[in-house]
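A.B. asks: Following this line is upload-v9.csv, made up of CSV, C-alpha atoms and all ligand atoms:
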chain,number,residue,atom,x,y,z
A,1,MET,CA,0.0,0.0,0.0
A,2,LYS,CA,1.3,3.5,-0.9
A,3,ILE,CA,-0.2,6.4,0.9
A,4,ILE,CA,0.3,10.1,0.2
A,5,VAL,CA,0.0,12.0,3.5
A,6,THR,CA,-0.3,15.7,3.0
A,7,GLY,CA,0.6,18.2,5.8
A,8,GLY,CA,2.8,15.5,7.4
A,9,ALA,CA,5.3,18.0,8.7
A,10,GLY,CA,2.6,19.5,10.9
A,11,PHE,CA,1.2,18.3,14.3
A,12,ILE,CA,-1.3,15.6,13.5
A,13,GLY,CA,0.1,14.6,10.1
A,14,SER,CA,3.5,13.8,11.6
A,15,ASN,CA,2.0,11.8,14.5
A,16,PHE,CA,0.0,9.9,11.8
A,17,ILE,CA,3.1,9.1,9.8
A,18,PHE,CA,4.8,7.7,12.9
A,19,HIS,CA,1.7,5.6,13.7
A,20,MET,CA,1.5,4.2,10.1
A,21,LEU,CA,5.2,3.4,9.7
A,22,ASN,CA,5.2,1.6,13.1
A,23,THR,CA,1.9,-0.2,12.5
A,24,TYR,CA,2.4,-1.2,8.8
A,25,PRO,CA,6.2,-1.5,8.2
A,26,ASN,CA,5.5,-2.6,4.6
A,27,TYR,CA,3.5,0.4,3.6
A,28,ARG,CA,5.2,3.2,1.7
A,29,ILE,CA,4.4,6.7,3.1
A,30,ILE,CA,5.0,9.8,0.9
A,31,CYS,CA,4.8,13.0,2.9
A,32,VAL,CA,3.8,16.1,0.9
A,33,ASP,CA,4.2,19.4,2.7
A,34,LYS,CA,4.7,23.0,1.7
A,35,LEU,CA,6.6,23.7,4.9
A,36,THR,CA,4.6,26.8,5.8
A,37,TYR,CA,5.4,28.4,9.2
A,38,ALA,CA,3.5,25.5,10.7
A,39,GLY,CA,5.5,22.8,9.0
A,40,ASN,CA,8.6,21.6,10.7
A,41,LEU,CA,10.8,19.1,8.9
A,42,SER,CA,12.9,18.4,12.0
A,43,THR,CA,9.8,16.7,13.4
A,44,LEU,CA,10.2,14.0,10.8
A,45,LYS,CA,14.0,13.5,11.6
A,46,SER,CA,13.5,10.0,13.0
A,47,VAL,CA,11.9,8.6,9.8
A,48,MET,CA,13.9,10.5,7.2
A,49,ASP,CA,16.2,7.5,6.5
A,50,ASN,CA,13.4,4.9,6.5
A,51,SER,CA,13.4,3.4,3.0
A,52,ASN,CA,9.6,3.2,3.1
A,53,PHE,CA,9.3,7.0,3.7
A,54,ARG,CA,9.7,9.9,1.3
A,55,PHE,CA,9.4,13.6,2.0
A,56,ILE,CA,8.6,16.0,-0.8
A,57,LYS,CA,8.2,19.8,-0.5
A,58,ILE,CA,5.1,20.6,-2.6
A,59,ASP,CA,2.2,23.0,-2.3
A,60,ILE,CA,-1.1,21.0,-2.6
A,61,CYS,CA,-2.5,23.9,-4.7
A,62,ASP,CA,0.3,23.2,-7.3
A,63,SER,CA,-1.6,21.0,-9.7
A,64,GLU,CA,1.5,20.3,-12.0
A,65,ALA,CA,3.7,19.2,-9.1
A,66,ILE,CA,0.9,17.0,-7.7
A,67,GLU,CA,0.3,15.5,-11.1
A,68,GLN,CA,4.0,14.7,-11.4
A,69,LEU,CA,4.0,13.1,-8.0
A,70,PHE,CA,1.0,10.9,-8.8
A,71,MET,CA,2.7,9.7,-12.0
A,72,GLU,CA,5.9,8.9,-10.1
A,73,GLU,CA,4.3,7.2,-7.1
A,74,LYS,CA,0.9,5.8,-8.2
A,75,PRO,CA,-0.5,6.1,-4.7
A,76,ASP,CA,-3.3,3.8,-3.4
A,77,MET,CA,-4.6,6.4,-0.9
A,78,VAL,CA,-4.4,10.0,-0.1
A,79,VAL,CA,-4.9,11.3,3.5
A,80,ASN,CA,-5.2,15.1,3.5
A,81,PHE,CA,-4.0,16.8,6.6
A,82,ALA,CA,-2.6,19.9,4.8
A,83,ALA,CA,-4.3,23.0,5.9
A,84,GLU,CA,-4.0,26.4,7.3
A,85,SER,CA,-5.2,25.6,10.7
A,86,HIS,CA,-5.1,28.5,13.1
A,87,VAL,CA,-8.4,30.4,13.7
A,88,ASP,CA,-6.7,33.6,14.7
A,89,ARG,CA,-4.6,33.7,11.5
A,90,SER,CA,-7.8,33.1,9.5
A,91,ILE,CA,-9.4,36.2,11.0
A,92,GLU,CA,-6.4,38.3,10.0
A,93,ASN,CA,-6.1,36.8,6.5
A,94,PRO,CA,-8.9,34.5,5.2
A,95,GLY,CA,-7.5,34.3,1.6
A,96,ILE,CA,-4.8,31.7,2.1
A,97,PHE,CA,-7.3,29.5,4.0
A,98,LEU,CA,-9.6,29.4,1.0
A,99,GLU,CA,-6.7,28.6,-1.3
A,100,THR,CA,-5.1,25.8,0.7
A,101,ASN,CA,-8.1,24.3,2.5
A,102,ILE,CA,-10.6,24.4,-0.4
A,103,MET,CA,-8.6,24.8,-3.7
A,104,GLY,CA,-5.9,22.4,-2.5
A,105,THR,CA,-8.5,19.8,-1.7
A,106,ALA,CA,-9.9,20.1,-5.2
A,107,VAL,CA,-6.4,19.7,-6.7
A,108,LEU,CA,-5.7,16.6,-4.8
A,109,MET,CA,-9.1,15.0,-5.6
A,110,ASP,CA,-8.7,15.9,-9.3
A,111,ALA,CA,-5.4,14.0,-9.3
A,112,CYS,CA,-7.2,11.1,-7.5
A,113,ARG,CA,-10.0,11.0,-10.1
A,114,LYS,CA,-7.5,11.1,-13.0
A,115,HIS,CA,-5.2,8.4,-11.7
A,116,GLY,CA,-7.7,6.2,-9.8
A,117,ILE,CA,-7.4,5.7,-6.1
A,118,LYS,CA,-8.7,3.3,-3.4
A,119,ARG,CA,-9.4,6.0,-0.9
A,120,TYR,CA,-9.2,9.8,-0.5
A,121,HIS,CA,-9.5,10.7,3.1
A,122,GLN,CA,-10.3,14.3,4.2
A,123,VAL,CA,-9.1,15.2,7.7
A,124,SER,CA,-11.7,17.7,8.9
A,125,THR,CA,-12.8,19.3,12.2
A,126,ASP,CA,-15.8,19.5,14.5
A,127,GLU,CA,-15.5,23.3,14.1
A,128,VAL,CA,-17.5,22.9,10.8
A,129,TYR,CA,-20.6,22.4,13.0
A,130,GLY,CA,-20.3,25.9,14.7
A,131,ASP,CA,-20.7,25.9,18.5
A,132,LEU,CA,-23.0,24.7,21.2
A,133,PRO,CA,-24.4,26.7,24.2
A,134,LEU,CA,-22.6,26.2,27.5
A,135,ASP,CA,-25.9,25.6,29.4
A,136,ARG,CA,-27.0,22.6,27.3
A,137,PRO,CA,-24.6,19.8,28.1
A,138,ASP,CA,-27.1,17.3,26.6
A,139,LEU,CA,-26.4,18.7,23.1
A,140,LEU,CA,-23.6,17.1,21.1
A,141,PHE,CA,-22.5,17.3,17.4
A,142,THR,CA,-23.6,14.2,15.4
A,143,GLU,CA,-22.8,13.6,11.7
A,144,GLU,CA,-26.3,14.9,10.9
A,145,THR,CA,-25.8,18.3,12.7
A,146,PRO,CA,-26.0,21.0,10.0
A,147,LEU,CA,-22.7,22.8,9.0
A,148,TYR,CA,-22.7,26.2,10.6
A,149,ALA,CA,-19.1,27.3,10.8
A,150,SER,CA,-18.2,30.5,12.6
A,151,SER,CA,-14.7,31.5,11.5
A,152,PRO,CA,-13.0,31.8,8.1
A,153,TYR,CA,-10.9,28.7,9.1
A,154,SER,CA,-13.9,26.5,10.0
A,155,SER,CA,-15.9,27.7,7.0
A,156,SER,CA,-13.0,26.9,4.6
A,157,LYS,CA,-13.0,23.4,6.2
A,158,ALA,CA,-16.7,23.1,5.8
A,159,GLY,CA,-16.4,24.2,2.1
A,160,ALA,CA,-13.8,21.5,1.6
A,161,ASP,CA,-16.1,18.9,3.2
A,162,LEU,CA,-18.9,19.8,0.9
A,163,LEU,CA,-16.6,19.5,-2.1
A,164,VAL,CA,-15.4,16.1,-1.0
A,165,LEU,CA,-19.0,14.8,-0.7
A,166,ALA,CA,-19.8,16.3,-4.1
A,167,TYR,CA,-16.8,14.4,-5.7
A,168,PHE,CA,-18.3,11.2,-4.2
A,169,ARG,CA,-21.8,11.9,-5.5
A,170,THR,CA,-20.7,13.4,-8.9
A,171,TYR,CA,-17.7,11.3,-9.8
A,172,GLY,CA,-18.0,8.3,-7.5
A,173,LEU,CA,-14.6,9.1,-5.9
A,174,PRO,CA,-14.1,6.8,-3.0
A,175,VAL,CA,-13.9,9.3,-0.2
A,176,THR,CA,-14.3,9.4,3.6
A,177,ILE,CA,-14.2,12.4,6.0
A,178,SER,CA,-13.3,12.5,9.7
A,179,ARG,CA,-14.4,15.4,11.9
A,180,CYS,CA,-12.4,15.4,15.0
A,181,SER,CA,-12.4,17.5,18.2
A,182,ASN,CA,-9.4,19.4,19.5
A,183,ASN,CA,-6.2,17.3,19.6
A,184,TYR,CA,-3.2,17.6,22.0
A,185,GLY,CA,0.1,15.8,22.3
A,186,PRO,CA,3.7,15.9,21.1
A,187,TYR,CA,4.8,18.1,18.2
A,188,HIS,CA,2.0,20.6,18.6
A,189,PHE,CA,3.0,24.0,17.4
A,190,PRO,CA,3.3,26.4,20.3
A,191,GLU,CA,0.7,28.9,19.0
A,192,LYS,CA,-2.2,26.6,20.0
A,193,LEU,CA,-3.6,26.7,23.6
A,194,ILE,CA,-2.0,23.7,25.3
A,195,PRO,CA,1.6,23.9,23.9
A,196,LEU,CA,1.5,27.8,24.2
A,197,MET,CA,0.6,27.6,27.9
A,198,ILE,CA,3.3,24.9,28.6
A,199,VAL,CA,6.0,26.8,26.8
A,200,ASN,CA,5.1,30.2,28.3
A,201,ALA,CA,4.8,28.7,31.8
A,202,LEU,CA,8.2,27.1,31.4
A,203,ASN,CA,9.6,30.5,30.4
A,204,ASN,CA,7.7,32.3,33.2
A,205,LYS,CA,5.9,34.3,30.7
A,206,PRO,CA,2.2,35.5,30.9
A,207,LEU,CA,-0.4,32.9,30.0
A,208,PRO,CA,-2.9,34.8,27.8
A,209,VAL,CA,-6.5,33.5,28.2
A,210,TYR,CA,-9.2,34.7,25.9
A,211,GLY,CA,-12.3,36.4,27.4
A,212,ASP,CA,-13.5,34.7,30.6
A,213,GLY,CA,-11.7,31.4,29.8
A,214,LYS,CA,-14.9,29.5,30.1
A,215,ASN,CA,-15.0,28.3,26.5
A,216,VAL,CA,-15.2,24.5,26.4
A,217,ARG,CA,-13.3,22.2,24.0
A,218,ASP,CA,-13.5,18.4,23.7
A,219,TRP,CA,-9.9,17.2,23.9
A,220,LEU,CA,-8.5,14.1,22.3
A,221,TYR,CA,-4.9,12.7,22.6
A,222,VAL,CA,-3.4,12.9,19.1
A,223,GLU,CA,-2.5,9.1,18.9
A,224,ASP,CA,-6.3,8.3,19.4
A,225,HIS,CA,-7.1,10.5,16.4
A,226,CYS,CA,-4.4,8.8,14.3
A,227,LYS,CA,-5.9,5.4,15.2
A,228,ALA,CA,-9.3,6.5,14.2
A,229,ILE,CA,-8.1,7.7,10.8
A,230,ASP,CA,-6.3,4.4,10.3
A,231,LEU,CA,-9.5,2.5,11.0
A,232,ILE,CA,-11.6,4.8,8.7
A,233,ILE,CA,-9.2,4.5,5.7
A,234,HIS,CA,-9.1,0.7,6.0
A,235,LYS,CA,-12.7,-0.2,7.1
A,236,GLY,CA,-14.8,3.0,6.8
A,237,ARG,CA,-17.6,3.1,4.3
A,238,GLU,CA,-17.1,5.2,1.2
A,239,GLY,CA,-19.0,8.5,1.1
A,240,GLU,CA,-19.3,8.6,4.9
A,241,VAL,CA,-18.5,11.1,7.6
A,242,TYR,CA,-17.2,9.9,10.9
A,243,ASN,CA,-17.1,12.2,14.0
A,244,VAL,CA,-14.1,11.5,16.3
A,245,GLY,CA,-14.0,12.7,19.9
A,246,GLY,CA,-13.4,11.5,23.4
A,247,HIS,CA,-16.2,12.8,25.5
A,248,ASN,CA,-13.7,15.0,27.3
A,249,GLU,CA,-14.9,18.5,27.7
A,250,MET,CA,-12.8,21.0,29.5
A,251,ALA,CA,-13.0,24.8,29.9
A,252,ASN,CA,-9.8,26.5,28.6
A,253,ILE,CA,-9.2,28.1,32.0
A,254,ASP,CA,-9.2,24.8,33.8
A,255,ILE,CA,-6.6,23.4,31.4
A,256,VAL,CA,-4.4,26.4,32.0
A,257,LYS,CA,-4.7,26.0,35.8
A,258,LEU,CA,-3.9,22.3,35.4
A,259,ILE,CA,-0.8,23.1,33.4
A,260,CYS,CA,0.3,25.6,36.1
A,261,LYS,CA,-0.2,23.0,38.8
A,262,GLU,CA,1.7,20.2,36.9
A,263,LEU,CA,4.6,22.6,36.3
A,264,GLY,CA,4.6,24.1,39.8
A,265,LYS,CA,3.9,27.6,38.4
A,266,SER,CA,1.8,30.3,40.0
A,267,GLU,CA,-1.6,31.0,38.6
A,268,ASP,CA,-0.6,34.7,38.8
A,269,LEU,CA,0.9,34.1,35.3
A,270,ILE,CA,-2.6,33.9,33.9
A,271,THR,CA,-3.7,37.1,32.1
A,272,TYR,CA,-7.1,37.6,30.6
A,273,VAL,CA,-7.0,39.2,27.1
A,274,THR,CA,-9.8,40.5,24.8
A,275,ASP,CA,-11.9,37.7,23.5
A,276,ARG,CA,-11.3,36.3,19.9
A,277,LYS,CA,-13.9,37.7,17.4
A,278,GLY,CA,-16.8,35.2,17.0
A,279,HIS,CA,-15.3,32.9,19.6
A,280,ASP,CA,-17.1,29.5,19.7
A,281,ARG,CA,-18.3,28.8,23.2
A,282,ARG,CA,-18.5,25.0,23.3
A,283,TYR,CA,-17.7,22.0,21.1
A,284,ALA,CA,-18.7,18.5,22.0
A,285,ILE,CA,-18.6,15.4,19.7
A,286,ASP,CA,-20.9,12.4,19.7
A,287,PRO,CA,-18.6,9.6,18.5
A,288,THR,CA,-21.3,6.8,18.5
A,289,LYS,CA,-21.0,6.1,14.8
A,290,ILE,CA,-17.3,5.4,14.7
A,291,HIS,CA,-17.7,3.4,17.9
A,292,THR,CA,-20.5,1.2,16.7
A,293,GLU,CA,-19.4,0.8,13.1
A,294,LEU,CA,-15.6,0.5,13.5
A,295,GLY,CA,-15.1,-0.3,17.2
A,296,TRP,CA,-13.1,2.9,17.8
A,297,LEU,CA,-12.7,4.2,21.4
A,298,PRO,CA,-10.2,6.6,22.7
A,299,GLU,CA,-7.5,4.8,24.7
A,300,THR,CA,-5.7,7.7,26.5
A,301,LYS,CA,-7.5,9.4,29.4
A,302,PHE,CA,-7.0,13.2,29.6
A,303,GLU,CA,-5.3,13.0,33.0
A,304,ASP,CA,-2.6,10.7,31.5
A,305,GLY,CA,-2.4,12.4,28.1
A,306,ILE,CA,-1.8,15.8,29.5
A,307,LYS,CA,1.0,14.5,31.8
A,308,LYS,CA,2.6,12.7,28.9
A,309,THR,CA,2.3,15.9,26.8
A,310,ILE,CA,3.9,18.1,29.5
A,311,GLN,CA,6.7,15.6,29.9
A,312,TRP,CA,7.3,15.6,26.1
A,313,TYR,CA,7.7,19.4,26.1
A,314,LEU,CA,10.1,19.1,29.1
A,315,ASP,CA,12.1,16.4,27.3
A,316,ASN,CA,12.1,18.1,23.9
A,317,ARG,CA,13.1,21.7,24.7
A,318,GLU,CA,15.2,22.0,21.6
A,319,TRP,CA,12.2,21.3,19.3
A,320,TRP,CA,10.1,24.2,20.6
A,321,GLU,CA,13.0,26.5,21.3
A,322,ASP,CA,14.0,26.2,17.6
A,323,ILE,CA,10.5,27.2,16.7
A,324,ILE,CA,10.5,30.2,19.0
A,325,SER,CA,13.9,31.3,17.7
A,326,GLY,CA,12.8,30.7,14.0
A,327,GLU,CA,15.7,28.2,13.6
A,328,TYR,CA,13.4,25.4,12.5
A,329,GLN,CA,12.7,27.1,9.2
A,330,HIS,CA,16.3,26.6,8.2
A,331,TYR,CA,16.1,22.8,8.8
A,332,TYR,CA,15.0,22.0,5.2
A,333,LYS,CA,17.9,23.9,3.7
A,334,LYS,CA,20.4,22.3,6.0
A,335,MET,CA,19.1,18.8,5.4
A,336,TYR,CA,19.2,19.1,1.6
A,337,GLU,CA,22.5,20.9,1.6
A,338,SER,CA,24.1,18.2,3.7
A,339,LYS,CA,22.6,15.5,1.4
A,340,LYS,CA,24.4,17.1,-1.6
A,341,GLU,CA,27.8,16.8,0.0
A,401,LIG,N1,-5.2,20.5,15.7
A,401,LIG,C1,-6.4,20.1,15.9
A,401,LIG,O1,-6.9,20.1,17.1
A,401,LIG,C2,-7.4,19.6,14.8
A,401,LIG,C3,-8.6,19.1,15.2
A,401,LIG,C4,-9.4,18.6,14.1
A,401,LIG,C5,-9.0,18.6,12.8
A,401,LIG,N2,-7.8,19.2,12.5
A,401,LIG,C6,-7.4,19.2,11.1
A,401,LIG,O2,-6.3,18.3,11.0
A,401,LIG,C7,-5.4,18.8,10.0
A,401,LIG,C8,-4.0,19.0,10.6
A,401,LIG,O3,-4.0,19.9,11.6
A,401,LIG,P1,-2.7,20.3,12.5
A,401,LIG,O4,-3.1,20.8,13.8
A,401,LIG,O5,-1.7,19.1,12.4
A,401,LIG,O6,-2.2,21.5,11.6
A,401,LIG,P2,-0.7,22.1,11.5
A,401,LIG,O7,-1.0,23.6,11.2
A,401,LIG,O8,0.1,21.7,12.6
A,401,LIG,O9,-0.1,21.4,10.2
A,401,LIG,C9,-0.5,21.7,8.9
A,401,LIG,C10,0.6,21.3,7.9
A,401,LIG,O10,0.1,21.5,6.6
A,401,LIG,C11,1.2,22.1,5.8
A,401,LIG,N3,0.6,22.9,4.8
A,401,LIG,C12,-0.1,24.1,4.9
A,401,LIG,N4,-0.5,24.5,3.7
A,401,LIG,C13,0.0,23.6,2.8
A,401,LIG,C14,-0.1,23.6,1.4
A,401,LIG,N5,-0.7,24.5,0.7
A,401,LIG,N6,0.4,22.5,0.8
A,401,LIG,C15,1.1,21.5,1.5
A,401,LIG,N7,1.2,21.6,2.8
A,401,LIG,C16,0.6,22.6,3.5
A,401,LIG,C17,1.9,22.9,6.8
A,401,LIG,O11,3.3,23.2,6.4
A,401,LIG,C18,1.9,22.0,8.1
A,401,LIG,O12,3.0,21.1,8.1
A,401,LIG,C19,-6.0,20.1,9.5
A,401,LIG,O13,-6.6,19.8,8.3
A,401,LIG,C20,-6.9,20.5,10.6
A,401,LIG,O14,-8.0,21.3,10.0
A,401,LIG,C21,-7.0,19.7,13.5
Would you put the structure from the file into structure tokens?
Ligand SMILES: NC(=O)c1ccc[n+]([C@@H]2O[C@H](COP(=O)([O-])OP(=O)(O)OC[C@H]3O[C@@H](n4cnc5c(N)ncnc54)[C@H](O)[C@@H]3O)[C@@H](O)[C@H]2O)c1

C.D. replies:
Amino acid sequence: MKIIVTGGAGFIGSNFIFHMLNTYPNYRIICVDKLTYAGNLSTLKSVMDNSNFRFIKIDICDSEAIEQLFMEEKPDMVVNFAAESHVDRSIENPGIFLETNIMGTAVLMDACRKHGIKRYHQVSTDEVYGDLPLDRPDLLFTEETPLYASSPYSSSKAGADLLVLAYFRTYGLPVTISRCSNNYGPYHFPEKLIPLMIVNALNNKPLPVYGDGKNVRDWLYVEDHCKAIDLIIHKGREGEVYNVGGHNEMANIDIVKLICKELGKSEDLITYVTDRKGHDRRYAIDPTKIHTELGWLPETKFEDGIKKTIQWYLDNREWWEDIISGEYQHYYKKMYESKKE
């Protein structure tokens, strides 16, 4: 089996590559990544010399480069993680979100149609459903919940999801979609809530919390998300959407306090900042379908996952210090220059 994994130098894509190479040593994994600010090639250091792994720096919107790659590799599957993924950045500059998240998805699926493929999998998000009220804990997102995205990021993801389903209906492309809740774990870029708070706390810097901090997210350890996608691409039904989430709702402020406690830092570091525009109040996933159809259940409890994650950031200071200093952006050049010698 040959699988193209796009966005594999980012947080979830890299964890998925590690999971797949460990679980299926005979599969060939081809990682496509543009290496935007969010892509970090040093994350993939440990698999670079694996003969079943190839990294190629391509923009998924570049149809010629994607066509060339399909001709060379003749992939069986594509798993698309590549995206602009930060809500705050989408509020500042929506255009690039539309290009990568929607147009890039179209380019990949057009190549899949042309060359034939066993499965195109779109990695989507629960944010396409919009948000839920804080005072209705009985309400959860199911696959039937209407799409009602709030931010340019989530609406670009919703647009891509509609396109994926249209390619199934119109062209019969064998697609699946997963819509997952918030992930946390190793290799998470320190602009997102959990890694940002860990890194700032370690540096005794202020911990900026939006609004009143009471916004609720449904957290899932990244490895559990990777296992869900593994199941969906092998056993999921074509044309179907699967929600992925761990019934683990936490208010942002409680997570920040927990991180302070685990690191022995004072809560005085917490500073409340002006709320994000259109900030979603609560996300909560109903994962019944993936559980009953595919037998998926999350394996890592939040109490354990958060400890493992904090420990990872303590053990891998160089990884995030290189991001803060900007050094990580030179890694690609260094790698390929050293290969030429
Ligand atoms: N992080 C979460 O909690 C979460 C939850 C649900 C779904 N998702 C979805 O999962 C996917 C991965 O999220 P993440 O948190 O790992 O994101 P990330 O920002 O860490 O990684 C995105 C990767 O995509 C690459 N990329 C961006 N534009 C590209 C382009 N035009 N061509 C090729 N590569 C490009 C980046 O260089 C980066 O390596 C996204 O599609 C996101 O919407 C994320």

A.B. asks: Just the residues within 12 Å of Ile323 (chain A), please, counting all atoms listed in the file, with nothing from its chain fewer than 2 positions along; format it as an NGL selection string.

C.D. replies: :A and (37-43 or 187-191 or 195-196 or 199 or 316-321 or 325-331)

A.B. asks: Around ligand LIG 401 (chain A), which protein and nucleic acid residues have at least one atom no more than 6 Å from it, if we count all atoms listed in the file? List them as an NGL selection string.

C.D. replies: :A and (7-13 or 33-36 or 38-39 or 58-61 or 81-85 or 100 or 123-125 or 180-183)

A.B. asks: Quick one: distance from CA of Leu132 (chain A) to CA of Met250 (chain A) in Å, one decimal?

C.D. replies: 13.7 Å

A.B. asks: Restricting the calculation to only C-alpha atoms: of A:Ala251, A:Ile259, A:Val164, A:Leu294, which residue gets closest to Val216 (chain A)?

C.D. replies: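 Distance minimum relative to Val216 (chain A) lands on A:Ala251.
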
A.B. asks: Excluding Lys205 (chain A) and residues on its chain fewer than 6 positions from it, collect all residues at most 12 Å away from it, counting all atoms listed in the file, and give them as a PDB file with C-alpha atoms, keeping the file's coordinate frame.

C.D. replies:
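Saved file selection.pdb follows:
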ATOM      1  CA  LEU A 196       1.500  27.800  24.200  1.00  0.00           C
ATOM      2  CA  MET A 197       0.600  27.600  27.900  1.00  0.00           C
ATOM      3  CA  ILE A 198       3.300  24.900  28.600  1.00  0.00           C
ATOM      4  CA  VAL A 199       6.000  26.800  26.800  1.00  0.00           C
ATOM      5  CA  CYS A 260       0.300  25.600  36.100  1.00  0.00           C
ATOM      6  CA  LYS A 265       3.900  27.600  38.400  1.00  0.00           C
ATOM      7  CA  SER A 266       1.800  30.300  40.000  1.00  0.00           C
ATOM      8  CA  GLU A 267      -1.600  31.000  38.600  1.00  0.00           C
ATOM      9  CA  ASP A 268      -0.600  34.700  38.800  1.00  0.00           C
ATOM     10  CA  LEU A 269       0.900  34.100  35.300  1.00  0.00           C
ATOM     11  CA  ILE A 270      -2.600  33.900  33.900  1.00  0.00           C
ATOM     12  CA  THR A 271      -3.700  37.100  32.100  1.00  0.00           C
TER      13      THR A 271
END

A.B. asks: Quick one: of A:Ala284, A:Met109, A:Met20, A:Val5, who's nearest to Asp138 (chain A), counting all atoms listed in the file?

C.D. replies: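 Nearest candidate to Asp138 (chain A) out of A:Ala284, A:Met109, A:Met20, A:Val5: A:Ala284.
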
A.B. asks: Mind pulling up the distance from CA of Glu293 (chain A) to CA of Gly239 (chain A)?

C.D. replies: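 The value is 14.3 Å.
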
A.B. asks: List the spatial neighbours of Tyr27 (chain A) as a PyMOL selection string - criterion: any atom at most 8 Å away, all atoms listed in the file, same-chain residues fewer than 5 positions off excluded.

C.D. replies: chain A and resi 1-3+20-21+52

A.B. asks: Only C-alpha atoms, please: the residues just picked out, written as a short mmCIF file (atom, residue, chain, number, x, y, z; two decimals), in the coordinates of the input.

C.D. replies:
data_model
loop_
_atom_site.label_atom_id
_atom_site.label_comp_id
_atom_site.auth_asym_id
_atom_site.auth_seq_id
_atom_site.Cartn_x
_atom_site.Cartn_y
_atom_site.Cartn_z
CA MET A 1 0.00 0.00 0.00
CA LYS A 2 1.30 3.50 -0.90
CA ILE A 3 -0.20 6.40 0.90
CA MET A 20 1.50 4.20 10.10
CA LEU A 21 5.20 3.40 9.70
CA ASN A 52 9.60 3.20 3.10
#

A.B. asks: Could you check which of A:Leu314, A:Ala149, A:Ile232, A:Val222 is closest to Lys301 (chain A), using only C-alpha atoms?

C.D. replies: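 When distances to Lys301 (chain A) are compared using only C-alpha atoms, the smallest one comes from A:Val222.
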
A.B. asks: For Ala160 (chain A), which residue out of A:Val175, A:Leu193, A:Ala111, A:Leu98 is the nearest one, using only C-alpha atoms?

C.D. replies: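 Nearest candidate to Ala160 (chain A) out of A:Val175, A:Leu193, A:Ala111, A:Leu98: A:Leu98.
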
A.B. asks: Using all atoms listed in the file for the distances, tell me which of A:His234, A:Asp161, A:Tyr129, A:Gly305 is nearest to Tyr24 (chain A).

C.D. replies: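 Using all atoms listed in the file, Tyr24 (chain A) sits closest to A:His234.
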
A.B. asks: Mind pulling up the distance from CA of His115 (chain A) to CA of Cys31 (chain A)?

C.D. replies: 18.3 Å

A.B. asks: I want to know what sits within 12 Å of Ile229 (chain A), based on all atoms listed in the file, with residues of the same chain fewer than 4 positions away left out; could you give that as an MDAnalysis selection string?

C.D. replies: chainID A and resid 5 12:13 15:17 19:20 78:81 119:124 176:180 222:225 233:236 241:245 290 294 296

A.B. asks: Which is closer to Glu99 (chain A) than all the others in A:Pro146, A:Pro75, A:Gly159, A:Gly295, using only C-alpha atoms?

C.D. replies: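 Using only C-alpha atoms, the shortest distance to Glu99 (chain A) belongs to A:Gly159.
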
A.B. asks: Residues near His86 (chain A), anyone? I mean within 8 Å using only C-alpha atoms, not counting same-chain ones fewer than 3 positions away, as number ranges by chain.

C.D. replies: A: 89-90, 153, 192

A.B. asks: Around (-5.9, 42.1, 26.1) in the file's frame, which residues reach within 10 Å when counting only C-alpha atoms? Return as a PDB file with C-alpha atoms, keeping the file's coordinate frame?

C.D. replies:
ATOM      1  CA  PRO A 208      -2.900  34.800  27.800  1.00  0.00           C
ATOM      2  CA  VAL A 209      -6.500  33.500  28.200  1.00  0.00           C
ATOM      3  CA  TYR A 210      -9.200  34.700  25.900  1.00  0.00           C
ATOM      4  CA  GLY A 211     -12.300  36.400  27.400  1.00  0.00           C
ATOM      5  CA  THR A 271      -3.700  37.100  32.100  1.00  0.00           C
ATOM      6  CA  TYR A 272      -7.100  37.600  30.600  1.00  0.00           C
ATOM      7  CA  VAL A 273      -7.000  39.200  27.100  1.00  0.00           C
ATOM      8  CA  THR A 274      -9.800  40.500  24.800  1.00  0.00           C
ATOM      9  CA  ASP A 275     -11.900  37.700  23.500  1.00  0.00           C
TER      10      ASP A 275
END
